[in-house]
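A.B. asks: work-v2.txt is reproduced in full below (compact mmCIF, C-alpha atoms and all ligand atoms).
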```txt
# COMPACT_ATOMS: atom_id res chain seq x y z
CA MET A 1 14.12 -17.10 32.70
CA SER A 2 14.35 -18.05 29.08
CA ARG A 3 17.63 -19.30 27.77
CA LEU A 4 19.79 -17.47 25.26
CA PRO A 5 19.01 -18.29 21.60
CA GLU A 6 22.53 -19.76 21.44
CA GLU A 7 21.88 -22.27 24.21
CA GLU A 8 18.27 -23.18 23.55
CA HIS A 9 19.03 -26.16 21.29
CA PRO A 10 22.02 -28.49 20.84
CA ASN A 11 23.04 -27.47 17.30
CA LYS A 12 24.95 -24.26 16.74
CA ALA A 13 23.54 -21.98 14.06
CA PHE A 14 24.55 -18.65 12.60
CA GLY A 15 22.60 -16.06 10.71
CA TRP A 16 21.73 -12.40 10.39
CA ALA A 17 19.01 -10.88 12.55
CA ALA A 18 17.12 -7.64 12.99
CA ARG A 19 17.24 -6.45 16.62
CA GLY A 20 14.80 -3.56 16.52
CA THR A 21 12.44 -1.44 14.45
CA SER A 22 15.25 0.06 12.35
CA GLY A 23 15.13 -3.35 10.65
CA VAL A 24 18.92 -3.30 10.29
CA LEU A 25 20.32 -6.83 10.20
CA SER A 26 23.56 -7.93 11.82
CA PRO A 27 25.33 -11.22 12.57
CA PHE A 28 23.55 -13.41 15.12
CA LYS A 29 24.49 -16.64 16.86
CA PHE A 30 21.64 -18.96 17.78
CA SER A 31 20.87 -22.68 17.77
CA ARG A 32 18.73 -25.26 15.98
CA ARG A 33 17.03 -28.30 17.48
CA ALA A 34 18.55 -31.74 16.93
CA ALA A 35 16.82 -33.46 14.00
CA GLY A 36 13.85 -35.40 15.37
CA GLU A 37 12.65 -38.63 13.79
CA LYS A 38 10.55 -36.81 11.17
CA ASP A 39 12.93 -33.90 10.68
CA VAL A 40 15.13 -33.02 7.74
CA ALA A 41 18.22 -30.93 8.51
CA PHE A 42 19.79 -29.03 5.65
CA LYS A 43 22.59 -26.62 4.89
CA VAL A 44 21.15 -23.41 3.47
CA LEU A 45 22.58 -22.49 0.06
CA TYR A 46 20.31 -19.66 -1.11
CA CYS A 47 17.55 -17.52 0.37
CA GLY A 48 15.37 -14.99 -1.44
CA ILE A 49 14.38 -11.64 0.07
CA CYS A 50 10.62 -11.07 0.20
CA HIS A 51 8.73 -7.84 1.01
CA THR A 52 7.39 -9.62 4.08
CA ASP A 53 10.95 -9.79 5.41
CA LEU A 54 11.14 -6.02 5.22
CA HIS A 55 7.77 -5.49 6.96
CA ASN A 56 8.64 -7.94 9.72
CA ALA A 57 12.19 -6.71 10.26
CA LYS A 58 10.77 -3.23 10.95
CA ASN A 59 7.80 -4.58 12.94
CA GLU A 60 5.36 -2.84 10.61
CA TRP A 61 2.67 -5.41 11.38
CA GLY A 62 3.24 -5.08 15.13
CA LYS A 63 3.96 -8.72 15.96
CA THR A 64 7.70 -9.08 15.44
CA LEU A 65 9.70 -11.00 18.05
CA TYR A 66 13.29 -9.73 18.12
CA PRO A 67 15.90 -10.90 17.35
CA LEU A 68 14.31 -11.78 14.00
CA VAL A 69 16.08 -13.93 11.42
CA PRO A 70 14.01 -13.42 8.23
CA GLY A 71 13.94 -15.52 5.09
CA HIS A 72 11.23 -17.85 3.78
CA GLU A 73 12.46 -18.62 0.28
CA ILE A 74 15.05 -21.13 1.37
CA VAL A 75 16.95 -23.67 -0.71
CA GLY A 76 19.65 -26.05 0.48
CA GLU A 77 21.16 -29.52 0.62
CA VAL A 78 20.08 -32.18 3.09
CA THR A 79 22.72 -33.02 5.72
CA GLU A 80 20.73 -35.30 8.04
CA VAL A 81 17.37 -37.06 8.13
CA GLY A 82 15.46 -38.49 11.11
CA SER A 83 14.75 -42.24 11.38
CA LYS A 84 11.15 -41.91 10.18
CA VAL A 85 11.78 -39.55 7.26
CA GLU A 86 10.50 -41.24 4.11
CA LYS A 87 10.80 -38.80 1.24
CA PHE A 88 14.30 -37.35 1.59
CA LYS A 89 17.90 -38.50 1.97
CA VAL A 90 21.24 -36.83 2.64
CA GLY A 91 22.42 -34.86 -0.40
CA ASP A 92 18.93 -34.09 -1.75
CA LYS A 93 18.26 -30.52 -2.88
CA VAL A 94 15.32 -29.15 -0.95
CA GLY A 95 13.43 -26.00 -0.15
CA VAL A 96 11.26 -24.46 2.55
CA GLY A 97 8.76 -21.66 2.01
CA CYS A 98 6.64 -19.67 4.43
CA MET A 99 5.60 -22.35 6.90
CA VAL A 100 7.18 -25.06 9.03
CA GLY A 101 4.20 -26.36 11.00
CA SER A 102 0.40 -26.60 11.15
CA CYS A 103 -2.21 -28.56 13.13
CA HIS A 104 -2.60 -31.43 10.60
CA SER A 105 -6.21 -32.00 11.66
CA CYS A 106 -8.39 -29.01 10.68
CA ASP A 107 -10.38 -28.82 7.44
CA SER A 108 -7.66 -26.77 5.76
CA CYS A 109 -4.87 -29.15 6.75
CA THR A 110 -6.78 -32.29 5.74
CA ASN A 111 -7.41 -30.68 2.34
CA ASN A 112 -3.72 -29.93 1.74
CA LEU A 113 -4.25 -26.26 2.48
CA GLU A 114 -1.90 -25.92 5.44
CA ASN A 115 -1.46 -22.30 4.36
CA TYR A 116 -4.98 -21.58 5.66
CA CYS A 117 -4.58 -23.46 8.97
CA SER A 118 -5.29 -21.15 11.90
CA LYS A 119 -2.39 -22.81 13.74
CA LEU A 120 0.10 -22.34 10.92
CA ILE A 121 3.65 -21.91 12.20
CA ALA A 122 5.58 -19.35 10.19
CA THR A 123 9.11 -20.18 9.06
CA TYR A 124 10.46 -17.26 11.06
CA GLY A 125 9.19 -15.14 13.91
CA GLY A 126 6.63 -17.78 14.91
CA LYS A 127 6.40 -20.03 17.96
CA TYR A 128 7.19 -23.67 17.30
CA TYR A 129 5.30 -26.55 19.03
CA ASP A 130 7.99 -26.61 21.74
CA GLY A 131 7.51 -22.89 22.45
CA THR A 132 10.77 -21.77 20.91
CA VAL A 133 10.92 -19.01 18.30
CA THR A 134 11.38 -20.00 14.66
CA TYR A 135 14.28 -18.52 12.71
CA GLY A 136 14.34 -18.22 8.92
CA GLY A 137 16.72 -18.73 6.06
CA PHE A 138 19.10 -15.80 6.46
CA SER A 139 21.13 -18.45 8.27
CA ASP A 140 23.44 -21.37 7.68
CA SER A 141 21.11 -24.28 8.50
CA MET A 142 17.49 -25.34 8.88
CA VAL A 143 15.75 -28.22 10.69
CA VAL A 144 12.20 -28.78 9.43
CA ASP A 145 9.53 -31.51 9.60
CA GLU A 146 9.65 -33.36 6.26
CA HIS A 147 5.99 -32.54 5.64
CA PHE A 148 6.99 -28.93 5.00
CA ILE A 149 9.97 -29.71 2.79
CA ILE A 150 9.77 -29.23 -0.98
CA ARG A 151 11.92 -31.22 -3.39
CA ILE A 152 13.81 -29.03 -5.88
CA PRO A 153 13.77 -30.64 -9.37
CA HIS A 154 17.20 -31.37 -10.87
CA ASN A 155 16.86 -29.05 -13.84
CA LEU A 156 15.97 -25.98 -11.80
CA PRO A 157 18.97 -23.86 -10.76
CA LEU A 158 19.01 -23.67 -6.95
CA ASP A 159 19.41 -19.89 -6.76
CA ALA A 160 16.48 -19.28 -9.10
CA ALA A 161 14.37 -21.87 -7.30
CA ALA A 162 14.40 -19.89 -4.04
CA PRO A 163 11.91 -17.10 -4.95
CA LEU A 164 9.43 -19.67 -6.23
CA LEU A 165 8.86 -20.85 -2.65
CA CYS A 166 6.99 -17.68 -1.68
CA ALA A 167 6.61 -15.36 -4.69
CA GLY A 168 6.05 -18.23 -7.12
CA ILE A 169 3.36 -20.08 -5.18
CA THR A 170 1.66 -16.80 -4.26
CA VAL A 171 0.79 -16.16 -7.91
CA TYR A 172 0.53 -19.77 -9.12
CA SER A 173 -2.11 -20.83 -6.60
CA PRO A 174 -4.74 -18.18 -7.52
CA LEU A 175 -4.23 -18.77 -11.25
CA ARG A 176 -5.16 -22.42 -10.66
CA PHE A 177 -7.85 -21.96 -7.99
CA TYR A 178 -9.76 -19.23 -9.80
CA GLY A 179 -9.64 -21.06 -13.13
CA LEU A 180 -7.37 -18.47 -14.70
CA ASP A 181 -5.07 -21.21 -15.97
CA LYS A 182 -6.89 -22.07 -19.20
CA PRO A 183 -5.31 -21.36 -22.60
CA ASP A 184 -6.39 -18.24 -24.48
CA LEU A 185 -7.67 -16.33 -21.48
CA HIS A 186 -6.68 -12.69 -21.24
CA ILE A 187 -5.03 -12.05 -17.88
CA GLY A 188 -4.02 -8.73 -16.36
CA VAL A 189 -1.09 -8.50 -13.97
CA VAL A 190 -1.05 -5.40 -11.79
CA GLY A 191 2.38 -4.45 -10.43
CA LEU A 192 5.61 -5.74 -11.92
CA GLY A 193 7.80 -6.68 -8.97
CA GLY A 194 8.84 -10.00 -7.47
CA LEU A 195 5.28 -11.36 -7.57
CA GLY A 196 4.12 -9.68 -10.78
CA HIS A 197 6.98 -10.81 -12.97
CA LEU A 198 6.34 -14.42 -11.91
CA ALA A 199 2.60 -14.03 -12.52
CA VAL A 200 3.45 -13.01 -16.10
CA LYS A 201 5.71 -16.05 -16.54
CA PHE A 202 3.27 -18.58 -15.09
CA ALA A 203 0.19 -17.20 -16.87
CA LYS A 204 2.10 -17.11 -20.14
CA ALA A 205 3.17 -20.75 -19.70
CA MET A 206 -0.51 -21.62 -19.12
CA GLY A 207 -1.32 -20.09 -22.50
CA ALA A 208 -2.78 -16.72 -21.52
CA LYS A 209 -2.55 -13.43 -23.32
CA ILE A 210 -1.09 -10.96 -20.82
CA THR A 211 -1.53 -7.29 -20.11
CA VAL A 212 0.74 -5.71 -17.52
CA ILE A 213 -0.60 -2.69 -15.65
CA SER A 214 1.98 -0.67 -13.73
CA THR A 215 2.36 2.76 -12.18
CA SER A 216 5.67 3.18 -13.97
CA ILE A 217 6.20 3.59 -17.72
CA ASN A 218 9.80 2.52 -17.07
CA LYS A 219 8.63 -1.09 -16.79
CA LYS A 220 7.17 -1.19 -20.29
CA LYS A 221 10.24 -2.38 -22.14
CA ALA A 222 11.01 -5.15 -19.65
CA ALA A 223 7.38 -6.30 -19.56
CA LEU A 224 7.07 -6.59 -23.32
CA GLU A 225 10.58 -7.55 -24.39
CA ASN A 226 12.07 -9.49 -21.49
CA LEU A 227 9.02 -11.07 -19.87
CA GLY A 228 6.94 -11.56 -23.00
CA ALA A 229 3.76 -9.74 -21.99
CA ASP A 230 1.45 -8.93 -24.90
CA SER A 231 0.56 -5.41 -23.86
CA PHE A 232 1.34 -2.85 -21.20
CA PHE A 233 -0.18 0.32 -19.88
CA VAL A 234 0.25 2.74 -17.03
CA SER A 235 -2.51 2.48 -14.46
CA ARG A 236 -3.30 6.20 -14.53
CA ASP A 237 -3.67 6.36 -18.30
CA GLN A 238 -7.42 6.98 -18.67
CA ASP A 239 -7.39 6.53 -22.44
CA GLN A 240 -5.83 3.10 -22.23
CA LEU A 241 -8.03 2.07 -19.32
CA GLN A 242 -11.01 3.01 -21.44
CA ALA A 243 -9.66 1.21 -24.49
CA ALA A 244 -9.07 -1.97 -22.46
CA SER A 245 -12.44 -1.82 -20.71
CA GLY A 246 -14.17 -5.22 -20.50
CA THR A 247 -11.30 -7.18 -22.04
CA LEU A 248 -9.81 -9.20 -19.17
CA ASP A 249 -10.92 -12.62 -17.88
CA GLY A 250 -8.94 -12.20 -14.69
CA ILE A 251 -6.51 -9.94 -12.91
CA ILE A 252 -3.76 -10.88 -10.48
CA ASP A 253 -3.26 -7.74 -8.39
CA THR A 254 0.12 -7.89 -6.66
CA VAL A 255 0.18 -4.33 -5.36
CA SER A 256 0.59 -3.89 -1.61
CA ALA A 257 0.32 -0.08 -1.67
CA GLN A 258 -3.00 1.72 -1.42
CA HIS A 259 -4.65 1.76 -4.86
CA PRO A 260 -8.13 2.14 -6.39
CA LEU A 261 -10.00 -1.03 -7.39
CA LEU A 262 -12.63 0.67 -9.54
CA PRO A 263 -10.45 1.08 -12.66
CA LEU A 264 -9.43 -2.59 -12.40
CA LEU A 265 -13.04 -3.79 -12.14
CA GLY A 266 -13.78 -1.85 -15.30
CA LEU A 267 -11.20 -3.90 -17.18
CA LEU A 268 -12.94 -7.21 -16.44
CA LYS A 269 -15.30 -9.03 -18.77
CA THR A 270 -18.60 -10.38 -17.46
CA HIS A 271 -17.73 -13.00 -14.79
CA GLY A 272 -14.22 -11.62 -14.62
CA LYS A 273 -12.22 -12.17 -11.43
CA LEU A 274 -9.99 -9.74 -9.60
CA VAL A 275 -7.64 -11.57 -7.24
CA LEU A 276 -5.69 -9.70 -4.59
CA VAL A 277 -2.38 -11.21 -3.49
CA GLY A 278 -0.85 -8.03 -2.07
CA ALA A 279 -1.95 -6.70 1.32
CA PRO A 280 -2.31 -2.92 1.59
CA GLU A 281 -2.20 -1.77 5.21
CA LYS A 282 -5.48 0.14 5.12
CA PRO A 283 -8.83 -1.12 3.76
CA LEU A 284 -9.40 -0.63 0.04
CA GLU A 285 -12.48 1.11 -1.25
CA LEU A 286 -14.85 -1.31 -2.94
CA PRO A 287 -17.69 0.12 -5.07
CA ALA A 288 -20.50 -2.43 -5.35
CA PHE A 289 -22.16 -1.42 -8.60
CA PRO A 290 -19.28 -2.39 -10.93
CA LEU A 291 -19.31 -5.83 -9.25
CA LEU A 292 -23.04 -6.33 -9.79
CA GLN A 293 -22.77 -5.27 -13.37
CA GLY A 294 -21.21 -8.30 -15.05
CA ARG A 295 -21.40 -10.57 -11.98
CA LYS A 296 -17.74 -9.97 -11.20
CA ILE A 297 -15.80 -11.55 -8.38
CA ILE A 298 -13.13 -10.19 -6.07
CA GLY A 299 -11.08 -12.76 -4.21
CA GLY A 300 -7.87 -13.16 -2.32
CA SER A 301 -5.17 -15.78 -2.04
CA LEU A 302 -2.28 -16.45 0.35
CA ILE A 303 0.72 -18.56 -0.74
CA GLY A 304 -0.38 -22.21 -1.21
CA GLY A 305 -0.42 -25.61 0.49
CA ILE A 306 2.57 -27.93 0.50
CA ARG A 307 1.20 -30.26 -2.17
CA GLU A 308 0.48 -27.35 -4.49
CA THR A 309 3.87 -25.76 -3.78
CA GLN A 310 5.52 -29.00 -4.95
CA GLU A 311 3.24 -29.05 -8.01
CA MET A 312 4.17 -25.41 -8.76
CA ILE A 313 7.90 -26.01 -8.56
CA ASP A 314 7.68 -29.16 -10.70
CA TYR A 315 5.65 -27.16 -13.23
CA ALA A 316 8.21 -24.34 -13.19
CA ALA A 317 10.99 -26.86 -13.86
CA LYS A 318 9.05 -28.47 -16.70
CA GLN A 319 8.16 -25.14 -18.30
CA SER A 320 11.61 -23.59 -17.63
CA ILE A 321 10.07 -20.81 -15.56
CA LYS A 322 12.78 -19.03 -13.62
CA PRO A 323 12.53 -15.84 -11.58
CA GLU A 324 14.83 -12.99 -12.63
CA ILE A 325 17.24 -12.62 -9.73
CA GLU A 326 20.13 -10.54 -8.44
CA ILE A 327 22.50 -12.63 -6.35
CA ILE A 328 24.02 -10.83 -3.36
CA PRO A 329 26.36 -11.63 -0.47
CA ILE A 330 24.88 -11.50 3.02
CA ASP A 331 26.77 -8.36 3.99
CA TYR A 332 24.87 -6.54 1.24
CA VAL A 333 21.53 -7.45 2.83
CA ASN A 334 20.82 -4.07 4.46
CA THR A 335 21.47 -2.23 1.20
CA ALA A 336 19.29 -4.78 -0.58
CA MET A 337 16.46 -4.13 1.90
CA GLU A 338 16.70 -0.39 1.23
CA ARG A 339 16.65 -0.99 -2.51
CA LEU A 340 13.67 -3.31 -2.11
CA LEU A 341 11.78 -0.54 -0.34
CA LYS A 342 12.34 1.64 -3.41
CA ALA A 343 11.39 -1.22 -5.77
CA ASP A 344 14.93 -0.99 -7.13
CA VAL A 345 15.41 -4.66 -8.01
CA LYS A 346 14.79 -6.78 -11.10
CA TYR A 347 13.01 -8.71 -9.68
CA ARG A 348 14.18 -10.61 -6.64
CA PHE A 349 17.27 -10.51 -4.45
CA VAL A 350 18.67 -13.91 -3.60
CA ILE A 351 21.33 -14.19 -0.93
CA ASP A 352 24.17 -16.58 -1.68
CA ILE A 353 24.29 -18.14 1.76
CA GLY A 354 26.23 -21.30 0.96
CA ASN A 355 29.31 -19.58 -0.42
CA MET A 356 29.30 -16.31 1.44
CA LEU A 357 27.82 -16.64 4.93
CA LYS A 358 30.72 -17.03 7.34
CA PRO A 359 30.31 -17.01 11.12
CA THR A 360 32.07 -14.15 12.83
CA SER A 361 33.90 -15.07 16.01
ZN ZN B 1 7.30 -13.99 1.17
ZN ZN B 2 -4.72 -27.09 10.50
```
Please express the file's structure as structure tokens.
C.D. replies:
Amino acid sequence: MSRLPEEEHPNKAFGWAARGTSGVLSPFKFSRRAAGEKDVAFKVLYCGICHTDLHNAKNEWGKTLYPLVPGHEIVGEVTEVGSKVEKFKVGDKVGVGCMVGSCHSCDSCTNNLENYCSKLIATYGGKYYDGTVTYGGFSDSMVVDEHFIIRIPHNLPLDAAAPLLCAGITVYSPLRFYGLDKPDLHIGVVGLGGLGHLAVKFAKAMGAKITVISTSINKKKAALENLGADSFFVSRDQDQLQAASGTLDGIIDTVSAQHPLLPLLGLLKTHGKLVLVGAPEKPLELPAFPLLQGRKIIGGSLIGGIRETQEMIDYAAKQSIKPEIEIIPIDYVNTAMERLLKADVKYRFVIDIGNMLKPTS
């Protein structure tokens, strides 16, 4: 018989967990392993809320292990380091994103692409090497192998740093990999949520001209005035689609709802690239002819490796790129999840764990 989550490991931990497909979170006592020689233990200060948390809490992808403690945009302060930890010391400000383990020997791992390792261990809801379930950052503490720890630069506010660890790297990595990071390119960003607003900020810092394409005219003002996009149009506006035809070098498509690709392909120049970073549940329809005409490319991208995540966060600090966030206490988390479902957030919820998470007796 498996032991209770509370008794599995020596260190007491406390968080909020979903217990079933309602996805409703409630207080949860569990435990963390003692810091091993290569482990960094840290007190969680902030954790962002990602769409993935919502999908997993409700078991929409069918692989949730309950109780589930979500959270993979985690920032905190180091409280203990193992004897062989080289890069971190007590008091350092650190972060953890979507993964806490990988095989370290496959092609992906040896090329600093742990995110594409087939044995990747997810920060929450995964099985660790020892067979125990991983729990995420909606909790008071973390214990993670130093390889998967990111250093938070001094000039980046800790609360704003949190969403960079998933949303930030998710849009930064494809901009770099697909060569959409050169000055004076014209980049389209489809969808203006947690991912999209960061895609605008990163692409702008890289020197691109930016067009935001959204289903909602309500986002126009924010896109142009607050985020600094150069133009904006609603995705169903045929006149504007026509007017913008063949103008974009690349598109970062952050939409995870079902949507047509054909209009987006029409916006690309010859050799233009459409990169999907959202994951609609059902297959998208892909017409071949618009791809052939202009030798266009459709690609995908999933978060980023640890080295690139560090590079991204250092770049964000240098360029003063900060996500727009709404700070919430943990007992607001269920309301926040409902609002997230309705896209009613500008643009990321971040839970103030350090000041507001208190164990219930
Ligand atoms: Zn995420
Ligand atoms: Zn691997």
A.B. asks: Within 12 Å of (-2.1, -21.5, -20.2) (coordinates as in the file), grab all the protein and nucleic acid residues, counting only C-alpha atoms, and write them out as a ChimeraX atom specification.
C.D. replies: /A:172,175-176,179-187,199-210,315,319
A.B. asks: Got time to write the residues from that selection, C-alpha atoms, as a PDB file, in the frame of the given file?
C.D. replies:
```
ATOM      1  CA  TYR A 172       0.530 -19.770  -9.120  1.00  0.00           C
ATOM      2  CA  LEU A 175      -4.230 -18.770 -11.250  1.00  0.00           C
ATOM      3  CA  ARG A 176      -5.160 -22.420 -10.660  1.00  0.00           C
ATOM      4  CA  GLY A 179      -9.640 -21.060 -13.130  1.00  0.00           C
ATOM      5  CA  LEU A 180      -7.370 -18.470 -14.700  1.00  0.00           C
ATOM      6  CA  ASP A 181      -5.070 -21.210 -15.970  1.00  0.00           C
ATOM      7  CA  LYS A 182      -6.890 -22.070 -19.200  1.00  0.00           C
ATOM      8  CA  PRO A 183      -5.310 -21.360 -22.600  1.00  0.00           C
ATOM      9  CA  ASP A 184      -6.390 -18.240 -24.480  1.00  0.00           C
ATOM     10  CA  LEU A 185      -7.670 -16.330 -21.480  1.00  0.00           C
ATOM     11  CA  HIS A 186      -6.680 -12.690 -21.240  1.00  0.00           C
ATOM     12  CA  ILE A 187      -5.030 -12.050 -17.880  1.00  0.00           C
ATOM     13  CA  ALA A 199       2.600 -14.030 -12.520  1.00  0.00           C
ATOM     14  CA  VAL A 200       3.450 -13.010 -16.100  1.00  0.00           C
ATOM     15  CA  LYS A 201       5.710 -16.050 -16.540  1.00  0.00           C
ATOM     16  CA  PHE A 202       3.270 -18.580 -15.090  1.00  0.00           C
ATOM     17  CA  ALA A 203       0.190 -17.200 -16.870  1.00  0.00           C
ATOM     18  CA  LYS A 204       2.100 -17.110 -20.140  1.00  0.00           C
ATOM     19  CA  ALA A 205       3.170 -20.750 -19.700  1.00  0.00           C
ATOM     20  CA  MET A 206      -0.510 -21.620 -19.120  1.00  0.00           C
ATOM     21  CA  GLY A 207      -1.320 -20.090 -22.500  1.00  0.00           C
ATOM     22  CA  ALA A 208      -2.780 -16.720 -21.520  1.00  0.00           C
ATOM     23  CA  LYS A 209      -2.550 -13.430 -23.320  1.00  0.00           C
ATOM     24  CA  ILE A 210      -1.090 -10.960 -20.820  1.00  0.00           C
ATOM     25  CA  TYR A 315       5.650 -27.160 -13.230  1.00  0.00           C
ATOM     26  CA  GLN A 319       8.160 -25.140 -18.300  1.00  0.00           C
TER      27      GLN A 319
END
```
A.B. asks: Atom CA of Ile351 of chain A to atom CA of Lys119 of chain A: how many Å, to one decimal?
C.D. replies: 29.2 Å
A.B. asks: List the spatial neighbours of Phe30 of chain A as a ChimeraX atom specification - criterion: any atom at most 12 Å away, all atoms listed in the file, same-chain residues fewer than 3 positions off excluded.
C.D. replies: /A:3-17,27,33,67-69,132-136,139-142,359
A.B. asks: Restricting the output to C-alpha atoms, write the selected residues as a CSV table (one decimal), in the coordinates of the input.
C.D. replies:
```
chain,number,residue,atom,x,y,z
A,3,ARG,CA,17.6,-19.3,27.8
A,4,LEU,CA,19.8,-17.5,25.3
A,5,PRO,CA,19.0,-18.3,21.6
A,6,GLU,CA,22.5,-19.8,21.4
A,7,GLU,CA,21.9,-22.3,24.2
A,8,GLU,CA,18.3,-23.2,23.6
A,9,HIS,CA,19.0,-26.2,21.3
A,10,PRO,CA,22.0,-28.5,20.8
A,11,ASN,CA,23.0,-27.5,17.3
A,12,LYS,CA,25.0,-24.3,16.7
A,13,ALA,CA,23.5,-22.0,14.1
A,14,PHE,CA,24.6,-18.6,12.6
A,15,GLY,CA,22.6,-16.1,10.7
A,16,TRP,CA,21.7,-12.4,10.4
A,17,ALA,CA,19.0,-10.9,12.6
A,27,PRO,CA,25.3,-11.2,12.6
A,33,ARG,CA,17.0,-28.3,17.5
A,67,PRO,CA,15.9,-10.9,17.4
A,68,LEU,CA,14.3,-11.8,14.0
A,69,VAL,CA,16.1,-13.9,11.4
A,132,THR,CA,10.8,-21.8,20.9
A,133,VAL,CA,10.9,-19.0,18.3
A,134,THR,CA,11.4,-20.0,14.7
A,135,TYR,CA,14.3,-18.5,12.7
A,136,GLY,CA,14.3,-18.2,8.9
A,139,SER,CA,21.1,-18.4,8.3
A,140,ASP,CA,23.4,-21.4,7.7
A,141,SER,CA,21.1,-24.3,8.5
A,142,MET,CA,17.5,-25.3,8.9
A,359,PRO,CA,30.3,-17.0,11.1
```
A.B. asks: What do you get as a list in words if you pick all residues at most 6 Å from ligand ZN 1 (chain B), counting only C-alpha atoms and all ligand atoms?
C.D. replies: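 Counting only C-alpha atoms and all ligand atoms, the residues within 6 Å of ligand ZN 1 (chain B) come out as Cys50, Thr52 and Cys166 of chain A.
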A.B. asks: Between A:Gly246, A:Gly101, A:Gly278, A:Gly95, which has the minimum distance to ligand ZN 2 (chain B) (counting all atoms listed in the file)?
C.D. replies: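 Under the stated criterion, the closest residue is A:Gly101.
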A.B. asks: Do you know which residues are within 7 Å of ligand ZN 2 (chain B) using all atoms listed in the file? Can you write them as a list in words?
C.D. replies: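 These are the residues that qualify: Ser102, Cys103, His104, Ser105, Cys106, Asp107, Ser108, Cys109, Glu114, Cys117, Ser118, Lys119 and Leu120 of chain A.
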A.B. asks: For segment 283-289 of chain A, find every residue with an atom within 12 Å (counting only C-alpha atoms), except residues of its own chain fewer than 5 positions away, and show them as a short mmCIF file (atom, residue, chain, number, x, y, z; two decimals) with C-alpha atoms, in the coordinates of the input.
C.D. replies:
```cif
data_model
loop_
_atom_site.label_atom_id
_atom_site.label_comp_id
_atom_site.auth_asym_id
_atom_site.auth_seq_id
_atom_site.Cartn_x
_atom_site.Cartn_y
_atom_site.Cartn_z
CA VAL A 255 0.18 -4.33 -5.36
CA SER A 256 0.59 -3.89 -1.61
CA ALA A 257 0.32 -0.08 -1.67
CA GLN A 258 -3.00 1.72 -1.42
CA HIS A 259 -4.65 1.76 -4.86
CA PRO A 260 -8.13 2.14 -6.39
CA LEU A 261 -10.00 -1.03 -7.39
CA LEU A 262 -12.63 0.67 -9.54
CA PRO A 263 -10.45 1.08 -12.66
CA LEU A 264 -9.43 -2.59 -12.40
CA LEU A 265 -13.04 -3.79 -12.14
CA GLY A 266 -13.78 -1.85 -15.30
CA LEU A 274 -9.99 -9.74 -9.60
CA LEU A 276 -5.69 -9.70 -4.59
CA GLY A 278 -0.85 -8.03 -2.07
CA GLY A 294 -21.21 -8.30 -15.05
CA ARG A 295 -21.40 -10.57 -11.98
CA LYS A 296 -17.74 -9.97 -11.20
CA ILE A 297 -15.80 -11.55 -8.38
CA ILE A 298 -13.13 -10.19 -6.07
#
```
A.B. asks: I'd like the interatomic distance between atom CA of Leu292 of chain A and atom CA of Gly188 of chain A, to a tenth of an Å.
C.D. replies: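 Between these atoms lies a distance of 20.3 Å.
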A.B. asks: Between A:Glu225, A:Asp237, A:Asp130, A:Asp53, which residue has the minimum interatomic distance to Leu341 of chain A, considering only C-alpha atoms?
C.D. replies: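 Smallest distance to Leu341 of chain A is found for A:Asp53.
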A.B. asks: Quick one: what's the axis-aligned box for segment 244-250 of chain A, all listed atoms, 4 Å on every side, centre and edges in Å to one decimal, as JSON?
C.D. replies:
```
{"center_x": -11.6, "center_y": -7.2, "center_z": -18.6, "size_x": 13.2, "size_y": 18.8, "size_z": 15.8}
```
A.B. asks: Have a look at atom CA of Phe88 of chain A and atom CA of Val44 of chain A and let me know their distance in Å, one decimal.
C.D. replies: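 If I compute the distance from atom CA of Phe88 of chain A to atom CA of Val44 of chain A, I get 15.6 Å.
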A.B. asks: Identify the residues within 7 Å of coordinate (15.7, -16.6, -0.5) (same frame as the file), considering only C-alpha atoms, and give the answer as a list in words.
C.D. replies: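 Residues close enough to count: Tyr46, Cys47, Gly48, Ile49, Gly71, His72, Glu73, Ile74, Gly137, Ala162, Pro163, Val350 and Ile351 of chain A.
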A.B. asks: Keeping only C-alpha atoms, write the selected residues to a file as a JSON list (two decimals), in the frame of the given file.
C.D. replies:
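The new file again-v9.json reads:
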```
[["chain", "number", "residue", "atom", "x", "y", "z"],
["A", 46, "TYR", "CA", 20.31, -19.66, -1.11],
["A", 47, "CYS", "CA", 17.55, -17.52, 0.37],
["A", 48, "GLY", "CA", 15.37, -14.99, -1.44],
["A", 49, "ILE", "CA", 14.38, -11.64, 0.07],
["A", 71, "GLY", "CA", 13.94, -15.52, 5.09],
["A", 72, "HIS", "CA", 11.23, -17.85, 3.78],
["A", 73, "GLU", "CA", 12.46, -18.62, 0.28],
["A", 74, "ILE", "CA", 15.05, -21.13, 1.37],
["A", 137, "GLY", "CA", 16.72, -18.73, 6.06],
["A", 162, "ALA", "CA", 14.40, -19.89, -4.04],
["A", 163, "PRO", "CA", 11.91, -17.10, -4.95],
["A", 350, "VAL", "CA", 18.67, -13.91, -3.60],
["A", 351, "ILE", "CA", 21.33, -14.19, -0.93]]
```
A.B. asks: Name the residues in contact with segment 327-331 of chain A at a cut-off of 7 Å, using all atoms listed in the file, excluding same-chain residues fewer than 4 positions from it; report them as an mmCIF file with C-alpha atoms, in the coordinates of the input.
C.D. replies:
```cif
data_model
loop_
_atom_site.group_PDB
_atom_site.id
_atom_site.type_symbol
_atom_site.label_atom_id
_atom_site.label_comp_id
_atom_site.auth_asym_id
_atom_site.auth_seq_id
_atom_site.Cartn_x
_atom_site.Cartn_y
_atom_site.Cartn_z
ATOM 1 C CA PHE A 349 17.270 -10.510 -4.450
ATOM 2 C CA VAL A 350 18.670 -13.910 -3.600
ATOM 3 C CA ILE A 351 21.330 -14.190 -0.930
ATOM 4 C CA ASP A 352 24.170 -16.580 -1.680
ATOM 5 C CA ILE A 353 24.290 -18.140 1.760
ATOM 6 C CA MET A 356 29.300 -16.310 1.440
ATOM 7 C CA LEU A 357 27.820 -16.640 4.930
#
```
